[in-house]
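Reviewing the structure listed below.
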Amino acid sequence: MSERKVTVIVTVYNIEQYLERFFDCLRQQTFTDYEALIIDDGSADNSAKICRAHAEKDDRIRVISVEHVGISAARNLAIENLRTEFATSLDGDDYFDKDYLKHLMEAQERYGADLTLSNVVYVYEDGREKDRFSPRKEAFYTKEVFSGLLPRLIEEGRLNFLYAKLYKSSLLKKARLEPDVRQGSDTMINAMVLRYTESIAVIEDYDYYYVQYQSRSVTSYQGADYFKRLYRINTFLMNELDAGGYLDDEMLRVTDGRILMSASASLYRIAASDAPLPEKYRRAEEIIDSEEYLIPYRRQEEYGNLGSFTFTPVAPGKGKEQIDQICGLIKEEKKNKRLKKLRDMCPDALFNVWHSAKVKLGIARKK
């Protein structure tokens, strides 16, 4: 065990243009008793060179370089090499305030929680604020209490990322990812940690800035494959929550809702692709008529919960009709410069516009 108090974990892959800003943030931390563990995942640019140059000047920085193994294997390696009592995981292309570590560690000292959550500000590349989590009052929860809060945290998306959290390393070491996991590794790690978590602290500070880069938004329009990946993530989450004793009816509503929402997002991606219309119909029906979709849909239909979501789940057999609705909105893109700009900047942004249009039509609820 290291004499340092906390490890800052960063996995790095071809982000040389952002690393100086990251190390500036690290150097300015008012809490200085940390170790930075940098996993260079076989970067082809100067990322490893930059990291090692900083390590030579600061003995708190440790760099491990490997051949490109992917995000999951890189995170496994980081967890295996933890040697402090606490850990936080950051993205090297984001930035954070000078009191980021201080606020998390002070909360840990006050409450002794297994897991501490702070808040995130989402910003565009030019620094303009895009969004932020709704504020929560500082609080400490035992497992019996936070089990009732957990569905709300999941709906807010707080399990979708590792940053803005402080973990007890002993719990983080219980998490191990399959190397082939390319998407959702953050959610899976959090699910595995929660299985063993006995207490959570929530603090009010907004110290972490997640940058919405265009490269982060541009994703391939593999509708059915995209749904299958998200289904795998959500099923894993559901199983871990069940093992941890959290899977009551409300949690099942929330986790089923994530699967149904994943299908809706997948249909948008299909509609926005360049595939011929018959192929779009086929892909949509492959999702909506699949067992993976029908089980949560029928279950929540039986419970009377389909109207409780912030979106309208697509009814079985209506994949073709939904594609036609989305394609109709996308056609408006040719007439509307704002929609064109949105799609160029962030393909998923048009999905939000589509949702807003459905709200106006009264067929979906406001988020």
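FYI, nothing fancy with the structure tokens labels: chains A, B, ... in order, residues from 1 per chain, ligands from 1 as they appear.
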
Select from stretch 44-216 of chain A everything DSSP, run on the backbone, classes as strand (DSSP E or B), then give the selection as an NGL selection string. :A and (61-66 or 86-91 or 95-96 or 115-124 or 129-132 or 139-142 or 165-168 or 199-212)

Can you list, as a ChimeraX atom specification, every protein, DNA or RNA residue that comes within 8 Å of A:Cys51 when you count only C-alpha atoms, leaving out same-chain residues fewer than 4 positions away? /A:19,38,47,55,63

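When atom CA of A:Val145 is paired with atom CA of A:Gly112, their separation reads 15.9 Å.
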
Can you pull out every residue within 9 Å of stretch 172-175 of chain A, counting only C-alpha atoms, but drop anything in the same chain fewer than 3 positions away, and send it as a ChimeraX atom specification? /A:76,79-80,82,86-87,167-169,188-193,196

Resulting file, chosen residues, C-alpha atoms, as a compact mmCIF listing (two decimals), in the first residue's frame:
```txt
# COMPACT_ATOMS: atom_id res chain seq x y z
CA ASN A 76 -8.41 -3.76 -15.55
CA ILE A 79 -7.34 -1.40 -11.03
CA GLU A 80 -4.79 -4.20 -10.60
CA LEU A 82 -3.91 0.44 -7.34
CA PHE A 86 -8.95 5.51 -2.41
CA ALA A 87 -9.19 6.11 -6.15
CA TYR A 167 -14.07 4.87 -4.59
CA LYS A 168 -12.63 2.79 -1.83
CA SER A 169 -9.94 0.89 -3.72
CA MET A 188 -20.35 -2.12 -15.61
CA ILE A 189 -17.62 -1.11 -13.15
CA ASN A 190 -20.07 0.98 -11.14
CA ALA A 191 -22.55 -1.90 -11.08
CA MET A 192 -19.91 -4.29 -9.74
CA VAL A 193 -18.84 -1.78 -7.09
CA TYR A 196 -20.59 -4.50 -2.39
```

For A:Arg158, find every residue with an atom within 12 Å (counting only C-alpha atoms), except residues of its own chain fewer than 4 positions away, and show them as a PyMOL selection string. chain A and resi 116-120+132-134+149-154+162-165+186-187+190-191+202

Quick one: everything within 8 Å of A:Ser72, counting only C-alpha atoms, minus sequence neighbours fewer than 4 positions away in the same chain. Send it as a PDB file with N, CA, C and O atoms, in the first residue's frame.
```pdb
ATOM      1  N   ASN A  76      -8.777  -2.622 -16.416  1.00  0.00           N
ATOM      2  CA  ASN A  76      -8.414  -3.756 -15.552  1.00  0.00           C
ATOM      3  C   ASN A  76      -6.987  -3.600 -15.037  1.00  0.00           C
ATOM      4  O   ASN A  76      -6.708  -3.830 -13.851  1.00  0.00           O
ATOM      5  N   LEU A 177     -13.493  -6.364 -15.902  1.00  0.00           N
ATOM      6  CA  LEU A 177     -14.239  -6.319 -17.156  1.00  0.00           C
ATOM      7  C   LEU A 177     -13.780  -7.401 -18.117  1.00  0.00           C
ATOM      8  O   LEU A 177     -12.599  -7.778 -18.132  1.00  0.00           O
ATOM      9  N   GLU A 178     -14.708  -7.882 -18.929  1.00  0.00           N
ATOM     10  CA  GLU A 178     -14.326  -8.739 -20.050  1.00  0.00           C
ATOM     11  C   GLU A 178     -13.591  -7.878 -21.069  1.00  0.00           C
ATOM     12  O   GLU A 178     -14.033  -6.764 -21.382  1.00  0.00           O
ATOM     13  N   PRO A 179     -12.462  -8.354 -21.606  1.00  0.00           N
ATOM     14  CA  PRO A 179     -11.650  -7.523 -22.512  1.00  0.00           C
ATOM     15  C   PRO A 179     -12.379  -7.053 -23.763  1.00  0.00           C
ATOM     16  O   PRO A 179     -12.004  -6.048 -24.358  1.00  0.00           O
ATOM     17  N   ASP A 180     -13.442  -7.772 -24.185  1.00  0.00           N
ATOM     18  CA  ASP A 180     -14.121  -7.408 -25.425  1.00  0.00           C
ATOM     19  C   ASP A 180     -15.175  -6.317 -25.224  1.00  0.00           C
ATOM     20  O   ASP A 180     -15.833  -5.906 -26.185  1.00  0.00           O
ATOM     21  N   VAL A 181     -15.346  -5.823 -24.000  1.00  0.00           N
ATOM     22  CA  VAL A 181     -16.317  -4.760 -23.747  1.00  0.00           C
ATOM     23  C   VAL A 181     -15.762  -3.445 -24.294  1.00  0.00           C
ATOM     24  O   VAL A 181     -14.757  -2.920 -23.805  1.00  0.00           O
ATOM     25  N   ARG A 182     -16.413  -2.916 -25.324  1.00  0.00           N
ATOM     26  CA  ARG A 182     -15.955  -1.682 -25.961  1.00  0.00           C
ATOM     27  C   ARG A 182     -16.798  -0.482 -25.554  1.00  0.00           C
ATOM     28  O   ARG A 182     -16.395   0.654 -25.731  1.00  0.00           O
ATOM     29  N   SER A 185     -18.213   0.341 -20.264  1.00  0.00           N
ATOM     30  CA  SER A 185     -17.353  -0.194 -19.204  1.00  0.00           C
ATOM     31  C   SER A 185     -17.527   0.585 -17.900  1.00  0.00           C
ATOM     32  O   SER A 185     -17.439   0.007 -16.812  1.00  0.00           O
TER      33      SER A 185
END
```

For A:Leu241, find every residue with an atom within 10 Å (counting only C-alpha atoms), except residues of its own chain fewer than 2 positions away, and show them as a VMD selection string. chain A and resid 147 150 191 to 192 194 to 195 235 to 239 243 to 248 251 to 252 255

For stretch 4-38 of chain A against stretch 89-109 of chain A, with a cut-off of 7 Å and counting only C-alpha atoms, what is the closest atom pair and its distance in Å to one decimal for every residue that makes the cut, ordered by chain and number, as a tab-separated table?
```
residue	atom	partner	partner_atom	distance
A:Val8	CA	A:Ser89	CA	5.7
A:Ile9	CA	A:Ser89	CA	4.5
A:Val10	CA	A:Leu90	CA	5.4
A:Val12	CA	A:Gly92	CA	6.5
A:Ile15	CA	A:Asp93	CA	6.7
A:Tyr18	CA	A:Asp93	CA	5.2
A:Leu19	CA	A:Gly92	CA	6.3
A:Phe22	CA	A:Gly92	CA	6.0
A:Cys25	CA	A:Phe96	CA	6.2
A:Gln28	CA	A:Lys98	CA	5.4
A:Gln29	CA	A:Lys98	CA	4.4
A:Thr30	CA	A:Asp99	CA	5.7
A:Phe31	CA	A:Lys102	CA	4.9
```

Given the selection you just returned, output its residues as a file containing all heavy atoms, formatted as a compact mmCIF listing (two decimals), in the first residue's frame.
```txt
# COMPACT_ATOMS: atom_id res chain seq x y z
N VAL A 8 -5.29 8.88 -8.82
CA VAL A 8 -6.03 9.45 -9.95
C VAL A 8 -5.74 8.56 -11.15
O VAL A 8 -4.63 8.53 -11.66
CB VAL A 8 -5.60 10.90 -10.24
CG1 VAL A 8 -6.34 11.45 -11.46
CG2 VAL A 8 -5.83 11.78 -9.01
N ILE A 9 -6.75 7.80 -11.59
CA ILE A 9 -6.58 6.87 -12.71
C ILE A 9 -6.94 7.57 -14.01
O ILE A 9 -7.99 8.20 -14.11
CB ILE A 9 -7.49 5.64 -12.54
CG1 ILE A 9 -7.15 4.87 -11.28
CG2 ILE A 9 -7.41 4.73 -13.76
CD1 ILE A 9 -8.14 3.75 -10.97
N VAL A 10 -6.07 7.43 -15.00
CA VAL A 10 -6.36 7.97 -16.34
C VAL A 10 -5.89 6.96 -17.38
O VAL A 10 -4.74 6.53 -17.36
CB VAL A 10 -5.64 9.31 -16.58
CG1 VAL A 10 -6.12 9.92 -17.90
CG2 VAL A 10 -5.87 10.29 -15.45
N VAL A 12 -5.14 6.53 -21.30
CA VAL A 12 -4.78 7.47 -22.36
C VAL A 12 -4.64 6.73 -23.68
O VAL A 12 -3.98 5.70 -23.75
CB VAL A 12 -3.44 8.17 -22.00
CG1 VAL A 12 -2.91 8.95 -23.19
CG2 VAL A 12 -3.63 9.08 -20.79
N ILE A 15 -4.48 11.18 -27.22
CA ILE A 15 -5.12 12.45 -26.81
C ILE A 15 -4.04 13.49 -26.51
O ILE A 15 -4.18 14.30 -25.59
CB ILE A 15 -6.04 12.26 -25.60
CG1 ILE A 15 -5.30 11.60 -24.42
CG2 ILE A 15 -7.27 11.45 -25.98
CD1 ILE A 15 -6.10 11.63 -23.13
N TYR A 18 -4.71 17.24 -25.55
CA TYR A 18 -5.41 17.62 -24.32
C TYR A 18 -4.58 17.39 -23.06
O TYR A 18 -4.99 17.82 -21.97
CB TYR A 18 -6.72 16.81 -24.19
CG TYR A 18 -7.59 16.88 -25.41
CD1 TYR A 18 -7.83 15.75 -26.19
CD2 TYR A 18 -8.19 18.08 -25.81
CE1 TYR A 18 -8.63 15.80 -27.32
CE2 TYR A 18 -9.00 18.14 -26.93
CZ TYR A 18 -9.21 17.00 -27.68
OH TYR A 18 -10.01 17.06 -28.79
N LEU A 19 -3.46 16.72 -23.18
CA LEU A 19 -2.76 16.27 -21.99
C LEU A 19 -2.12 17.40 -21.18
O LEU A 19 -2.07 17.32 -19.95
CB LEU A 19 -1.70 15.23 -22.38
CG LEU A 19 -2.28 13.85 -22.69
CD1 LEU A 19 -1.21 12.92 -23.24
CD2 LEU A 19 -2.92 13.24 -21.45
N PHE A 22 -4.69 18.65 -18.94
CA PHE A 22 -4.93 17.70 -17.87
C PHE A 22 -3.87 17.81 -16.79
O PHE A 22 -4.18 17.87 -15.59
CB PHE A 22 -4.97 16.27 -18.43
CG PHE A 22 -4.93 15.22 -17.35
CD1 PHE A 22 -6.09 14.89 -16.66
CD2 PHE A 22 -3.74 14.59 -17.00
CE1 PHE A 22 -6.06 13.95 -15.65
CE2 PHE A 22 -3.71 13.65 -15.99
CZ PHE A 22 -4.87 13.33 -15.32
N CYS A 25 -4.27 20.86 -14.63
CA CYS A 25 -5.31 20.65 -13.61
C CYS A 25 -4.78 19.81 -12.45
O CYS A 25 -5.07 20.09 -11.28
CB CYS A 25 -6.53 19.97 -14.21
SG CYS A 25 -7.48 20.98 -15.38
N GLN A 28 -2.37 21.76 -10.19
CA GLN A 28 -2.99 22.83 -9.41
C GLN A 28 -3.87 22.33 -8.27
O GLN A 28 -4.46 23.13 -7.54
CB GLN A 28 -3.83 23.70 -10.35
CG GLN A 28 -3.01 24.49 -11.35
CD GLN A 28 -3.86 25.11 -12.45
OE1 GLN A 28 -5.08 25.15 -12.36
NE2 GLN A 28 -3.19 25.57 -13.51
N GLN A 29 -3.97 21.00 -8.09
CA GLN A 29 -4.83 20.47 -7.04
C GLN A 29 -4.40 20.96 -5.65
O GLN A 29 -3.22 20.91 -5.30
CB GLN A 29 -4.84 18.95 -7.07
CG GLN A 29 -5.55 18.35 -8.27
CD GLN A 29 -7.01 18.76 -8.33
OE1 GLN A 29 -7.82 18.40 -7.48
NE2 GLN A 29 -7.35 19.52 -9.36
N THR A 30 -5.37 21.43 -4.88
CA THR A 30 -5.08 21.89 -3.52
C THR A 30 -4.87 20.72 -2.57
O THR A 30 -4.23 20.88 -1.52
CB THR A 30 -6.22 22.79 -2.99
OG1 THR A 30 -7.47 22.09 -3.14
CG2 THR A 30 -6.30 24.08 -3.78
N PHE A 31 -5.41 19.56 -2.89
CA PHE A 31 -5.10 18.32 -2.17
C PHE A 31 -3.96 17.66 -2.94
O PHE A 31 -4.12 17.28 -4.10
CB PHE A 31 -6.32 17.40 -2.11
CG PHE A 31 -6.07 16.13 -1.34
CD1 PHE A 31 -6.34 16.08 0.02
CD2 PHE A 31 -5.54 15.01 -1.96
CE1 PHE A 31 -6.11 14.91 0.74
CE2 PHE A 31 -5.29 13.84 -1.25
CZ PHE A 31 -5.58 13.80 0.11
```

I need the residues in stretch 95-136 of chain A that are helix (DSSP H, G or I) according to DSSP; give them as a VMD selection string. chain A and resid 100 to 111

Restrict the selected residues to N, CA, C and O atoms and save them as a compact mmCIF listing (two decimals), in the first residue's frame.
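Result file is part.txt:
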```txt
# COMPACT_ATOMS: atom_id res chain seq x y z
N TYR A 100 -11.06 19.70 -6.85
CA TYR A 100 -11.73 18.44 -7.17
C TYR A 100 -11.38 17.35 -6.14
O TYR A 100 -12.27 16.76 -5.52
N LEU A 101 -10.10 17.09 -5.95
CA LEU A 101 -9.69 16.06 -5.00
C LEU A 101 -9.98 16.47 -3.57
O LEU A 101 -10.41 15.64 -2.74
N LYS A 102 -9.78 17.73 -3.26
CA LYS A 102 -10.00 18.22 -1.90
C LYS A 102 -11.44 17.98 -1.46
O LYS A 102 -11.69 17.46 -0.37
N HIS A 103 -12.39 18.33 -2.29
CA HIS A 103 -13.80 18.18 -1.92
C HIS A 103 -14.17 16.71 -1.74
O HIS A 103 -14.92 16.36 -0.81
N LEU A 104 -13.68 15.84 -2.61
CA LEU A 104 -13.98 14.42 -2.48
C LEU A 104 -13.35 13.83 -1.22
O LEU A 104 -14.00 13.08 -0.47
N MET A 105 -12.08 14.18 -0.95
CA MET A 105 -11.39 13.61 0.20
C MET A 105 -11.94 14.16 1.51
O MET A 105 -12.02 13.44 2.51
N GLU A 106 -12.32 15.43 1.54
CA GLU A 106 -12.92 15.99 2.75
C GLU A 106 -14.25 15.31 3.06
O GLU A 106 -14.56 15.03 4.23
N ALA A 107 -15.03 15.01 2.03
CA ALA A 107 -16.30 14.31 2.24
C ALA A 107 -16.04 12.90 2.76
O ALA A 107 -16.77 12.39 3.63
N GLN A 108 -14.98 12.26 2.25
CA GLN A 108 -14.66 10.92 2.71
C GLN A 108 -14.29 10.95 4.20
O GLN A 108 -14.68 10.07 4.98
N GLU A 109 -13.55 11.98 4.59
CA GLU A 109 -13.16 12.11 6.00
C GLU A 109 -14.37 12.37 6.89
O GLU A 109 -14.43 11.88 8.02
N ARG A 110 -15.36 13.12 6.37
CA ARG A 110 -16.56 13.41 7.17
C ARG A 110 -17.43 12.19 7.36
O ARG A 110 -17.99 11.97 8.44
N TYR A 111 -17.57 11.38 6.30
CA TYR A 111 -18.57 10.32 6.32
C TYR A 111 -17.99 8.91 6.30
O TYR A 111 -18.66 7.97 6.70
```

From the options A:Ser308, A:Gln17, A:Thr88, A:Thr142, which residue's atoms come nearest to A:Phe161, counting only C-alpha atoms? A:Thr88

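Nearest to A:Asp289 of all the residues A:Val69, A:Leu26, A:Leu37, A:Ala315 is A:Ala315, based on only C-alpha atoms.
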
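Reported to one decimal place, the separation of atom CA of A:Glu250 from atom CA of A:Tyr141 is 18.6 Å.
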
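Counting from atom CA of A:Glu138, the distance to atom CA of A:Ala201 is 7.4 Å.
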
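Distance check against A:Tyr231 using only C-alpha atoms: of A:Ile295, A:Cys327, A:Ala284, A:Val314, the minimum falls on A:Ile295.
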
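Minimum atom-to-atom distances from A:Arg136, A:Thr312, A:Ala271, A:Tyr281 to A:Lys331 were compared using only C-alpha atoms, and the lowest value belongs to A:Ala271.
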